[in-house]
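Structure file structure_19.cif; described as mmCIF, C-alpha atoms.
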data_run
loop_
_atom_site.label_atom_id
_atom_site.label_comp_id
_atom_site.auth_asym_id
_atom_site.auth_seq_id
_atom_site.Cartn_x
_atom_site.Cartn_y
_atom_site.Cartn_z
CA MET B 1 -69.93 -52.33 -29.16
CA SER B 2 -68.13 -48.96 -29.66
CA ALA B 3 -65.03 -50.38 -28.01
CA VAL B 4 -65.03 -53.29 -30.46
CA LEU B 5 -65.41 -50.91 -33.42
CA CYS B 6 -62.58 -48.75 -32.11
CA ALA B 7 -60.33 -51.81 -31.75
CA VAL B 8 -61.06 -52.71 -35.37
CA ALA B 9 -60.26 -49.13 -36.44
CA VAL B 10 -56.94 -49.29 -34.60
CA LEU B 11 -56.01 -52.43 -36.56
CA PHE B 12 -56.72 -50.79 -39.93
CA LEU B 13 -55.98 -47.08 -39.32
CA GLY B 14 -53.58 -47.19 -36.39
CA ALA B 15 -55.65 -44.68 -34.37
CA CYS B 16 -59.11 -43.94 -33.05
CA GLY B 17 -60.38 -40.34 -33.01
CA THR B 18 -61.84 -37.49 -35.06
CA GLN B 19 -59.00 -36.93 -37.57
CA VAL B 20 -60.14 -37.54 -41.14
CA ALA B 21 -58.01 -40.03 -43.05
CA GLY B 22 -55.81 -38.36 -45.67
CA ARG B 23 -55.66 -34.93 -43.88
CA GLU B 24 -52.71 -33.61 -41.87
CA THR B 25 -53.29 -31.37 -38.87
CA SER B 26 -50.43 -29.04 -37.98
CA ALA B 27 -49.35 -29.12 -34.39
CA SER B 28 -50.38 -26.15 -32.25
CA PRO B 29 -47.49 -23.97 -30.98
CA THR B 30 -46.69 -24.89 -27.42
CA GLY B 31 -44.46 -23.60 -24.70
CA PRO B 32 -43.99 -20.10 -23.27
CA ILE B 33 -43.55 -17.14 -25.59
CA PRO B 34 -39.91 -16.02 -25.36
CA TRP B 35 -38.99 -12.47 -24.40
CA THR B 36 -35.93 -11.14 -26.20
CA THR B 37 -33.88 -7.95 -26.07
CA ALA B 38 -34.61 -5.51 -28.90
CA GLU B 39 -34.08 -1.93 -30.02
CA PRO B 40 -36.86 0.59 -30.76
CA SER B 41 -38.13 0.84 -34.32
CA GLY B 42 -37.53 4.58 -34.12
CA ILE B 43 -36.55 7.45 -31.83
CA THR B 44 -39.11 10.24 -31.89
CA GLY B 45 -37.63 12.83 -29.56
CA ALA B 46 -35.23 13.72 -26.77
CA ARG B 47 -35.29 16.35 -24.04
CA LEU B 48 -33.38 17.43 -20.95
CA SER B 49 -34.52 18.01 -17.41
CA GLY B 50 -34.12 21.36 -15.71
CA ASP B 51 -30.56 20.69 -14.56
CA GLY B 52 -29.45 19.70 -18.06
CA ARG B 53 -28.17 16.29 -16.94
CA THR B 54 -31.22 14.03 -16.98
CA LEU B 55 -31.97 12.90 -20.52
CA LEU B 56 -35.41 11.65 -21.58
CA VAL B 57 -35.60 9.71 -24.86
CA ASP B 58 -38.91 8.91 -26.57
CA ALA B 59 -38.92 5.64 -28.52
CA ARG B 60 -41.41 3.55 -30.51
CA VAL B 61 -41.91 0.16 -28.85
CA PRO B 62 -44.27 -2.80 -29.44
CA SER B 63 -47.82 -2.67 -28.14
CA GLY B 64 -50.78 -5.03 -28.05
CA LYS B 65 -53.60 -6.51 -25.98
CA HIS B 66 -51.18 -8.24 -23.61
CA PRO B 67 -47.92 -6.90 -22.11
CA CYS B 68 -45.49 -6.31 -24.96
CA MET B 69 -42.58 -4.43 -23.42
CA ARG B 70 -40.60 -4.32 -20.19
CA ASP B 71 -37.15 -3.28 -18.96
CA LEU B 72 -36.98 -0.19 -21.19
CA LYS B 73 -33.68 1.53 -20.53
CA ALA B 74 -31.24 4.04 -21.97
CA VAL B 75 -27.56 3.36 -21.33
CA LEU B 76 -24.54 5.56 -21.95
CA THR B 77 -22.03 3.97 -24.31
CA GLU B 78 -18.47 4.87 -25.23
CA PRO B 79 -18.34 8.62 -25.89
CA VAL B 80 -16.86 10.05 -29.06
CA GLU B 81 -15.29 13.48 -29.34
CA ASN B 82 -17.92 16.23 -28.99
CA SER B 83 -20.81 13.76 -28.64
CA VAL B 84 -22.74 11.78 -26.03
CA ARG B 85 -23.85 8.29 -27.15
CA VAL B 86 -26.87 6.44 -25.78
CA GLN B 87 -28.25 2.98 -26.55
CA VAL B 88 -31.97 2.28 -25.94
CA THR B 89 -33.14 -1.32 -25.44
CA PHE B 90 -36.11 -3.22 -24.02
CA SER B 91 -37.40 -6.77 -23.68
CA SER B 92 -40.38 -7.93 -25.75
CA PRO B 93 -42.16 -11.08 -27.01
CA SER B 94 -43.00 -9.28 -30.27
CA GLY B 95 -40.72 -11.55 -32.28
CA ASP B 96 -43.26 -14.37 -31.76
CA MET B 97 -46.54 -13.91 -33.66
CA ARG B 98 -48.45 -15.53 -30.80
CA SER B 99 -47.73 -12.49 -28.62
CA GLY B 100 -50.21 -10.29 -30.51
CA CYS B 101 -47.76 -7.35 -30.25
CA THR B 102 -48.62 -5.95 -33.66
CA LYS B 103 -49.00 -2.27 -32.76
CA GLU B 104 -46.64 0.40 -31.46
CA LYS B 105 -46.68 3.12 -28.85
CA VAL B 106 -44.22 5.73 -27.63
CA ALA B 107 -42.45 5.09 -24.34
CA THR B 108 -39.80 7.17 -22.55
CA ALA B 109 -36.43 5.99 -21.29
CA ARG B 110 -34.39 8.03 -18.82
CA VAL B 111 -30.64 8.25 -18.24
CA ARG B 112 -28.49 10.48 -16.04
CA LEU B 113 -25.60 12.19 -17.83
CA PRO B 114 -22.28 12.54 -16.00
CA ALA B 115 -22.20 16.21 -17.01
CA PRO B 116 -24.56 18.66 -18.75
CA LEU B 117 -24.91 18.03 -22.49
CA GLY B 118 -23.88 21.57 -23.34
CA ALA B 119 -22.70 22.02 -26.93
CA ARG B 120 -22.09 18.32 -27.51
CA GLU B 121 -24.32 16.35 -29.87
CA LEU B 122 -26.48 13.48 -28.64
CA VAL B 123 -26.35 10.27 -30.72
CA VAL B 124 -29.03 7.66 -29.96
CA ASP B 125 -28.81 4.09 -31.29
CA GLN B 126 -25.84 4.80 -33.57
CA ASP B 127 -27.43 7.17 -36.08
CA VAL B 128 -30.15 9.43 -34.62
CA GLN B 129 -28.64 12.79 -33.75
CA PHE B 130 -29.92 15.62 -31.54
CA THR B 131 -28.48 18.96 -30.49
CA ALA B 132 -29.31 21.77 -28.09
CA ASP B 133 -28.06 24.29 -30.67
CA GLY B 134 -31.05 26.08 -32.13
CA ALA B 135 -33.45 23.93 -30.10
CA GLU B 136 -36.46 25.06 -28.08
CA LEU B 137 -35.26 23.69 -24.75
CA PRO B 138 -35.89 21.51 -22.87
CA ALA B 139 -36.58 19.63 -26.16
CA LEU B 140 -33.51 18.89 -28.27
CA ARG B 141 -33.46 19.50 -32.03
CA LEU B 142 -33.49 16.42 -34.28
CA CYS B 143 -30.70 16.65 -36.85
CA GLY B 144 -31.09 15.70 -40.50
CA GLN B 145 -29.22 13.54 -43.00
CA LEU B 146 -26.44 16.12 -43.23
CA GLY B 147 -25.88 16.26 -39.49
CA CYS B 148 -26.70 18.93 -36.94
CA THR B 149 -24.89 21.72 -38.79
CA PRO B 150 -25.62 21.27 -42.52
CA PRO B 151 -23.22 22.98 -44.92
CA ALA B 152 -24.16 26.46 -46.05
CA THR B 153 -25.61 26.57 -49.54
CA GLY B 154 -22.79 27.37 -51.93
CA CYS B 155 -20.40 26.04 -54.52
CA THR B 156 -18.76 23.43 -52.30
CA THR B 157 -18.50 19.65 -52.32
CA ALA B 158 -20.61 19.35 -49.15
CA SER B 159 -23.27 21.58 -50.68
CA TYR B 160 -23.33 19.49 -53.88
CA GLU B 161 -23.87 16.38 -51.77
CA GLN B 162 -26.91 18.08 -50.22
CA ALA B 163 -28.26 18.76 -53.72
CA LEU B 164 -27.95 15.06 -54.62
CA ILE B 165 -29.86 14.12 -51.48
CA ALA B 166 -32.57 16.65 -52.41
CA VAL B 167 -33.28 14.81 -55.68
CA ASP B 168 -32.96 11.35 -54.11
CA ALA B 169 -29.99 10.41 -56.30
CA PRO B 170 -29.08 6.70 -56.20
CA ALA B 171 -26.36 5.51 -53.85
CA HIS B 172 -22.78 5.76 -55.14
CA THR B 173 -23.69 8.52 -57.60
CA TYR B 174 -20.86 10.23 -59.53
CA ARG B 175 -21.01 13.98 -60.09
CA ASP B 176 -20.07 14.35 -63.75
CA SER B 177 -20.16 18.14 -63.92
CA GLN B 178 -21.71 21.16 -62.28
CA ASP B 179 -21.95 24.89 -62.86
CA CYS B 180 -22.64 27.06 -59.83
CA ASP B 181 -22.74 30.76 -59.03
CA GLY B 182 -23.91 30.52 -55.41
CA LYS B 183 -27.56 31.24 -56.22
CA TRP B 184 -28.13 28.80 -59.11
CA LEU B 185 -26.75 25.33 -59.81
CA VAL B 186 -26.93 22.87 -62.70
CA MET B 187 -25.55 19.40 -62.13
CA ASP B 188 -25.06 16.31 -64.30
CA PHE B 189 -24.58 13.04 -62.45
CA SER B 190 -24.60 9.32 -63.18
CA TRP B 191 -24.58 5.97 -61.46
CA ARG B 192 -23.31 2.54 -62.44
CA THR B 193 -25.68 -0.22 -63.46
CA GLY B 194 -25.32 -3.85 -64.42
CA PRO B 195 -23.25 -6.51 -62.66
CA ALA B 196 -20.69 -5.81 -59.96
CA CYS B 197 -17.28 -6.09 -61.61
CA GLY B 198 -13.65 -5.41 -60.85
CA ASP B 199 -12.04 -2.19 -61.99
CA ASN B 200 -9.91 -3.88 -64.67
CA THR B 201 -12.60 -5.76 -66.57
CA ALA B 202 -13.19 -5.04 -70.25
CA ASP B 203 -16.83 -6.11 -70.16
CA PRO B 204 -18.92 -3.10 -71.33
CA ALA B 205 -21.78 -4.20 -69.07
CA CYS B 206 -19.60 -3.48 -66.07
CA SER B 207 -19.14 0.19 -66.97
CA SER B 208 -22.69 0.91 -68.13
CA ARG B 209 -24.34 3.89 -66.48
CA LEU B 210 -27.53 5.86 -66.28
CA GLY B 211 -27.57 9.57 -65.54
CA ASP B 212 -29.60 12.72 -65.08
CA ARG B 213 -29.41 16.53 -65.08
CA TRP B 214 -31.01 18.77 -62.46
CA PHE B 215 -31.26 22.52 -61.97
CA PHE B 216 -31.36 24.05 -58.47
CA LYS B 217 -32.06 27.32 -56.71
CA ALA B 218 -30.42 28.28 -53.41
CA LYS B 219 -32.71 28.79 -50.45
CA LYS B 220 -32.19 28.99 -46.70
CA SER B 221 -32.78 25.23 -46.36
CA GLY B 222 -30.19 24.42 -49.06
CA TRP B 223 -30.28 23.69 -52.78
CA VAL B 224 -33.89 23.22 -53.93
CA PRO B 225 -34.50 21.35 -57.22
CA ILE B 226 -36.51 23.35 -59.76
CA ALA B 227 -36.28 21.36 -63.02
CA GLU B 228 -34.95 18.13 -64.51
CA GLY B 229 -34.32 17.08 -68.10
CA ALA B 230 -31.88 15.60 -70.59
CA ALA B 231 -32.39 18.16 -73.38
CA GLY B 232 -29.68 20.70 -74.08
CA GLY B 233 -29.98 24.46 -73.72
CA CYS B 234 -32.23 26.47 -71.42
CA ARG B 235 -35.76 25.57 -72.41
CA VAL B 236 -36.33 22.92 -69.73
CA VAL B 237 -35.31 25.09 -66.81
CA GLN B 238 -36.44 28.54 -67.99
CA ARG B 239 -39.91 27.20 -68.69
CA LYS B 240 -40.22 26.64 -64.92
CA GLU B 241 -37.84 29.32 -63.65
CA PRO B 242 -37.44 32.20 -66.15
CA ASP B 243 -34.78 33.87 -63.95
CA PHE B 244 -32.33 30.99 -64.33
CA PRO B 245 -29.21 32.56 -65.93
CA THR B 246 -28.96 31.93 -69.67
CA SER B 247 -25.17 31.95 -69.36
CA MET B 248 -25.36 28.76 -67.24
CA CYS B 249 -27.58 26.75 -69.60
CA LYS B 250 -27.24 27.97 -73.19
CA SER B 251 -24.19 25.82 -73.92
CA LEU B 252 -25.53 22.63 -72.30
CA ALA B 253 -25.47 19.68 -74.69
CA PRO B 254 -28.19 17.03 -74.53
CA LEU B 255 -27.32 14.08 -72.34
CA SER B 256 -26.27 10.95 -74.17
CA ARG B 257 -29.14 8.59 -74.92
CA SER B 258 -27.16 5.85 -73.17
CA LEU B 259 -27.25 7.93 -69.98
CA HIS B 260 -30.84 9.11 -70.23
CA PRO B 261 -32.78 6.73 -72.49
CA SER B 262 -36.42 7.40 -73.23
CA TYR B 263 -39.01 4.67 -73.20
CA PRO B 264 -42.02 5.62 -75.34
CA PRO B 265 -45.20 3.75 -74.57
CA ALA B 266 -45.62 0.57 -76.55
CA SER B 267 -47.96 0.91 -79.50
CA PRO B 268 -51.05 -1.28 -79.33
CA SER B 269 -50.59 -4.52 -81.22
CA ALA B 270 -52.69 -5.03 -84.31
CA SER B 271 -55.72 -7.20 -83.80
CA PRO B 272 -55.39 -10.55 -85.55
CA SER B 273 -57.57 -10.85 -88.61
CA PRO B 274 -60.41 -13.28 -88.26
CA SER B 275 -59.60 -16.66 -89.69
CA ALA B 276 -61.57 -17.82 -92.66
CA SER B 277 -64.27 -20.27 -91.86
#
For the structure just supplied, provide its representation as structure tokens.
Amino acid sequence: MSAVLCAVAVLFLGACGTQVAGRETSASPTGPIPWTTAEPSGITGARLSGDGRTLLVDARVPSGKHPCMRDLKAVLTEPVENSVRVQVTFSSPSGDMRSGCTKEKVATARVRLPAPLGARELVVDQDVQFTADGAELPALRLCGQLGCTPPATGCTTASYEQALIAVDAPAHTYRDSQDCDGKWLVMDFSWRTGPACGDNTADPACSSRLGDRWFFKAKKSGWVPIAEGAAGGCRVVQRKEPDFPTSMCKSLAPLSRSLHPSYPPASPSASPSPSAS
């Protein structure tokens, strides 16, 4: 009897099974999970062996319940003057969600240098820099955004760039003015907003800018921001740092409202009056 009923169902529904009419069931992923070559999500450290020629690089790689990484290796690439360059790669199925490789762990890759590192800088994966200078060997010192030998704090272009990094200034920021005596610094800067336009356009939107003013104090680590504000004069900075020289701030004019607009909180809207019944 069930066979007869199934045959009738095939005539009307075209199939015989448990699928409910009107619902679609997505197909289950099939086939092997592919392993692909990848780079670490980050480099956490580097160190040398006792002879100064074996380099150990610590990298963050995928991890999970099942195997998530194999063939981890560090390879020397084309050297650049005064630096040794290394590329770290591995194979992983982490690009496929079925792999379950949703965590990370630190693994170590090893490479033999043709000569001791010496005073040369180590560059891993294009942009992570290490140096033996000032390091507690065998570990190498991780360099910062300004390289392995940051500019000394002073009244120089390189030092001003460090100050902009310290306040997280937007990319492509213009330094409009600065006053510096080596110990104190005040800087006005701005950045373009609006659409990307050619240099010869007359559209005001293309030249619109926002800007800011910051005050800094020199410390061993570089220029350290101490105050920010668009008002003129010394009040903003001397309220936080009374020793800031009056001669460097008394003649400061307020920033243009177009550069440093203020946005007061919106006033609460009036409640509508009850309609007459």
Please write the residues picked by the PyMOL selection byres ((chain B and resi 120) around 8) on this file as a PDB file with C-alpha atoms, keeping the file's coordinate frame.
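Final file, out-v4.pdb:
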ATOM      1  CA  ASN B  82     -17.920  16.230 -28.990  1.00  0.00           C
ATOM      2  CA  SER B  83     -20.810  13.760 -28.640  1.00  0.00           C
ATOM      3  CA  VAL B  84     -22.740  11.780 -26.030  1.00  0.00           C
ATOM      4  CA  LEU B 117     -24.910  18.030 -22.490  1.00  0.00           C
ATOM      5  CA  GLY B 118     -23.880  21.570 -23.340  1.00  0.00           C
ATOM      6  CA  ALA B 119     -22.700  22.020 -26.930  1.00  0.00           C
ATOM      7  CA  GLU B 121     -24.320  16.350 -29.870  1.00  0.00           C
ATOM      8  CA  LEU B 122     -26.480  13.480 -28.640  1.00  0.00           C
ATOM      9  CA  THR B 131     -28.480  18.960 -30.490  1.00  0.00           C
TER      10      THR B 131
END
Any idea what's packed within 12 Å of stretch 222-226 of chain B, counting all atoms listed in the file, ignoring anything in its chain fewer than 2 positions away? Could you give it as a VMD selection string? chain B and resid 146 149 to 156 158 to 169 180 182 to 187 213 to 220 228 to 229 236 to 244
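Using only C-alpha atoms for every distance, the candidate list B:Asp181, B:Asp125, B:Glu81, B:Asp176 yields B:Asp125 as the residue closest to B:Ile43.
As for atom CA of B:Pro114 and atom CA of B:Thr77, they are spaced 11.9 Å apart.
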What separates atom CA of B:Ser251 and atom CA of B:Ser177 is a distance of 13.2 Å
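The environment of stretch 170-175 of chain B within 6 Å, counting all atoms listed in the file and disregarding residues fewer than 3 places along the same chain, consists of Phe189, Ser190 and Trp191 of chain B.
Minimum atom-to-atom distances from B:Thr246, B:Thr108, B:Thr36, B:Gln129 to B:Asp96 were compared using only C-alpha atoms, and the lowest value belongs to B:Thr36.
The gap separating atom CA of B:His66 from atom CA of B:Gly95 is 14.0 Å, in Å to one decimal.
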With a cut-off of 12 Å, could you pull out the residues of stretch 71-134 of chain B touching stretch 52-56 of chain B and give me the nearest pair of atoms for each, distance in Å to one decimal, using all atoms listed in the file, ordered by chain and ascending number, as JSON lines?
{"residue": "B:Leu72", "atom": "CA", "partner": "B:Leu56", "partner_atom": "CA", "distance": 12.0}
{"residue": "B:Lys73", "atom": "CA", "partner": "B:Leu56", "partner_atom": "CA", "distance": 10.3}
{"residue": "B:Ala74", "atom": "CA", "partner": "B:Leu56", "partner_atom": "CA", "distance": 8.7}
{"residue": "B:Val75", "atom": "CA", "partner": "B:Leu55", "partner_atom": "CA", "distance": 10.5}
{"residue": "B:Leu76", "atom": "CA", "partner": "B:Leu55", "partner_atom": "CA", "distance": 10.5}
{"residue": "B:Val84", "atom": "CA", "partner": "B:Leu55", "partner_atom": "CA", "distance": 10.8}
{"residue": "B:Arg85", "atom": "CA", "partner": "B:Leu55", "partner_atom": "CA", "distance": 11.5}
{"residue": "B:Val86", "atom": "CA", "partner": "B:Leu55", "partner_atom": "CA", "distance": 9.8}
{"residue": "B:Val88", "atom": "CA", "partner": "B:Leu56", "partner_atom": "CA", "distance": 10.9}
{"residue": "B:Ala107", "atom": "CA", "partner": "B:Leu56", "partner_atom": "CA", "distance": 10.0}
{"residue": "B:Thr108", "atom": "CA", "partner": "B:Leu56", "partner_atom": "CA", "distance": 6.3}
{"residue": "B:Ala109", "atom": "CA", "partner": "B:Leu56", "partner_atom": "CA", "distance": 5.8}
{"residue": "B:Arg110", "atom": "CA", "partner": "B:Leu56", "partner_atom": "CA", "distance": 4.7}
{"residue": "B:Val111", "atom": "CA", "partner": "B:Leu55", "partner_atom": "CA", "distance": 5.3}
{"residue": "B:Arg112", "atom": "CA", "partner": "B:Thr54", "partner_atom": "CA", "distance": 4.6}
{"residue": "B:Leu113", "atom": "CA", "partner": "B:Arg53", "partner_atom": "CA", "distance": 4.9}
{"residue": "B:Pro114", "atom": "CA", "partner": "B:Arg53", "partner_atom": "CA", "distance": 7.0}
{"residue": "B:Ala115", "atom": "CA", "partner": "B:Arg53", "partner_atom": "CA", "distance": 6.0}
{"residue": "B:Pro116", "atom": "CA", "partner": "B:Arg53", "partner_atom": "CA", "distance": 4.7}
{"residue": "B:Leu117", "atom": "CA", "partner": "B:Gly52", "partner_atom": "CA", "distance": 6.6}
{"residue": "B:Gly118", "atom": "CA", "partner": "B:Gly52", "partner_atom": "CA", "distance": 7.9}
{"residue": "B:Ala119", "atom": "CA", "partner": "B:Gly52", "partner_atom": "CA", "distance": 11.4}
{"residue": "B:Leu122", "atom": "CA", "partner": "B:Leu55", "partner_atom": "CA", "distance": 9.8}
{"residue": "B:Val123", "atom": "CA", "partner": "B:Leu55", "partner_atom": "CA", "distance": 11.9}
{"residue": "B:Val124", "atom": "CA", "partner": "B:Leu55", "partner_atom": "CA", "distance": 11.2}
{"residue": "B:Phe130", "atom": "CA", "partner": "B:Leu55", "partner_atom": "CA", "distance": 11.5}
{"residue": "B:Ala132", "atom": "CA", "partner": "B:Gly52", "partner_atom": "CA", "distance": 10.2}
Same residues, C-alpha atoms, output as a short mmCIF file (atom, residue, chain, number, x, y, z; two decimals), in the frame of the given file:
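Once everything was written out, this is out_35.cif:
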data_model
loop_
_atom_site.label_atom_id
_atom_site.label_comp_id
_atom_site.auth_asym_id
_atom_site.auth_seq_id
_atom_site.Cartn_x
_atom_site.Cartn_y
_atom_site.Cartn_z
CA LEU B 72 -36.98 -0.19 -21.19
CA LYS B 73 -33.68 1.53 -20.53
CA ALA B 74 -31.24 4.04 -21.97
CA VAL B 75 -27.56 3.36 -21.33
CA LEU B 76 -24.54 5.56 -21.95
CA VAL B 84 -22.74 11.78 -26.03
CA ARG B 85 -23.85 8.29 -27.15
CA VAL B 86 -26.87 6.44 -25.78
CA VAL B 88 -31.97 2.28 -25.94
CA ALA B 107 -42.45 5.09 -24.34
CA THR B 108 -39.80 7.17 -22.55
CA ALA B 109 -36.43 5.99 -21.29
CA ARG B 110 -34.39 8.03 -18.82
CA VAL B 111 -30.64 8.25 -18.24
CA ARG B 112 -28.49 10.48 -16.04
CA LEU B 113 -25.60 12.19 -17.83
CA PRO B 114 -22.28 12.54 -16.00
CA ALA B 115 -22.20 16.21 -17.01
CA PRO B 116 -24.56 18.66 -18.75
CA LEU B 117 -24.91 18.03 -22.49
CA GLY B 118 -23.88 21.57 -23.34
CA ALA B 119 -22.70 22.02 -26.93
CA LEU B 122 -26.48 13.48 -28.64
CA VAL B 123 -26.35 10.27 -30.72
CA VAL B 124 -29.03 7.66 -29.96
CA PHE B 130 -29.92 15.62 -31.54
CA ALA B 132 -29.31 21.77 -28.09
#
Evaluate the PyMOL selection byres ((chain B and resi 102) around 8) on the structure here and hand back the selected residues as an MDAnalysis selection string. chainID B and resid 62:64 94 100:101 103:104
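Of the residues listed (B:Gln87, B:Pro138, B:Lys105, B:Thr37), B:Thr37 shows the shortest atom-to-atom separation from B:Asp71; distances use all atoms listed in the file.
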List the spatial neighbours of B:Trp35 as a PyMOL selection string - criterion: any atom at most 7 Å away, all atoms listed in the file, same-chain residues fewer than 5 positions off excluded. chain B and resi 91-93
Expected selection from the PyMOL selection byres ((chain B and resi 254) around 7), given as JSON, numbers by chain: {"B": [230, 231, 232, 252, 253, 255, 256]}
Once you have the residues from the selection above, write them out as a tab-separated table (two decimals), keeping the file's coordinate frame, restricted to C-alpha atoms.
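Final output, out_38.tsv:
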chain	number	residue	atom	x	y	z
B	230	ALA	CA	-31.88	15.60	-70.59
B	231	ALA	CA	-32.39	18.16	-73.38
B	232	GLY	CA	-29.68	20.70	-74.08
B	252	LEU	CA	-25.53	22.63	-72.30
B	253	ALA	CA	-25.47	19.68	-74.69
B	255	LEU	CA	-27.32	14.08	-72.34
B	256	SER	CA	-26.27	10.95	-74.17
With all heavy atoms as the goal, would you fill in the gaps in stretch 78-85 of chain B and present it as a short mmCIF file (atom, residue, chain, number, x, y, z; two decimals), keeping the file's coordinate frame?
data_model
loop_
_atom_site.label_atom_id
_atom_site.label_comp_id
_atom_site.auth_asym_id
_atom_site.auth_seq_id
_atom_site.Cartn_x
_atom_site.Cartn_y
_atom_site.Cartn_z
N GLU B 78 -19.77 4.21 -25.12
CA GLU B 78 -18.47 4.87 -25.23
C GLU B 78 -18.60 6.22 -25.92
O GLU B 78 -19.08 6.30 -27.06
CB GLU B 78 -17.51 3.97 -26.03
CG GLU B 78 -16.06 4.43 -26.00
CD GLU B 78 -15.41 4.31 -24.63
OE1 GLU B 78 -15.88 3.46 -23.84
OE2 GLU B 78 -14.46 5.04 -24.36
N PRO B 79 -18.20 7.30 -25.26
CA PRO B 79 -18.34 8.62 -25.89
C PRO B 79 -17.35 8.81 -27.02
O PRO B 79 -16.29 8.19 -27.07
CB PRO B 79 -18.04 9.59 -24.73
CG PRO B 79 -17.13 8.81 -23.83
CD PRO B 79 -17.59 7.38 -23.93
N VAL B 80 -17.73 9.64 -27.96
CA VAL B 80 -16.86 10.05 -29.06
C VAL B 80 -16.67 11.56 -28.93
O VAL B 80 -17.50 12.25 -28.35
CB VAL B 80 -17.49 9.67 -30.42
CG1 VAL B 80 -16.62 10.13 -31.58
CG2 VAL B 80 -17.70 8.17 -30.49
N GLU B 81 -15.59 12.07 -29.48
CA GLU B 81 -15.29 13.48 -29.34
C GLU B 81 -16.49 14.35 -29.70
O GLU B 81 -17.11 14.17 -30.75
CB GLU B 81 -14.11 13.85 -30.24
CG GLU B 81 -13.64 15.29 -30.06
CD GLU B 81 -12.45 15.62 -30.95
OE1 GLU B 81 -12.04 14.73 -31.72
OE2 GLU B 81 -11.94 16.74 -30.86
N ASN B 82 -16.83 15.25 -28.80
CA ASN B 82 -17.92 16.23 -28.99
C ASN B 82 -19.30 15.60 -29.10
O ASN B 82 -20.22 16.21 -29.65
CB ASN B 82 -17.67 17.10 -30.23
CG ASN B 82 -16.38 17.90 -30.11
OD1 ASN B 82 -16.04 18.38 -29.02
ND2 ASN B 82 -15.66 18.04 -31.21
N SER B 83 -19.48 14.37 -28.60
CA SER B 83 -20.81 13.76 -28.64
C SER B 83 -21.03 12.87 -27.43
O SER B 83 -20.08 12.36 -26.83
CB SER B 83 -21.01 12.95 -29.93
OG SER B 83 -20.20 11.80 -29.91
N VAL B 84 -22.30 12.71 -27.08
CA VAL B 84 -22.74 11.78 -26.03
C VAL B 84 -23.53 10.68 -26.73
O VAL B 84 -24.44 10.98 -27.52
CB VAL B 84 -23.61 12.49 -24.98
CG1 VAL B 84 -24.22 11.48 -24.02
CG2 VAL B 84 -22.80 13.53 -24.23
N ARG B 85 -23.21 9.41 -26.46
CA ARG B 85 -23.85 8.29 -27.15
C ARG B 85 -24.69 7.48 -26.17
O ARG B 85 -24.24 7.15 -25.07
CB ARG B 85 -22.81 7.42 -27.85
CG ARG B 85 -22.14 8.15 -28.99
CD ARG B 85 -21.14 7.32 -29.75
NE ARG B 85 -20.69 8.07 -30.93
CZ ARG B 85 -21.17 7.90 -32.15
NH1 ARG B 85 -22.09 6.98 -32.37
NH2 ARG B 85 -20.73 8.63 -33.15
#
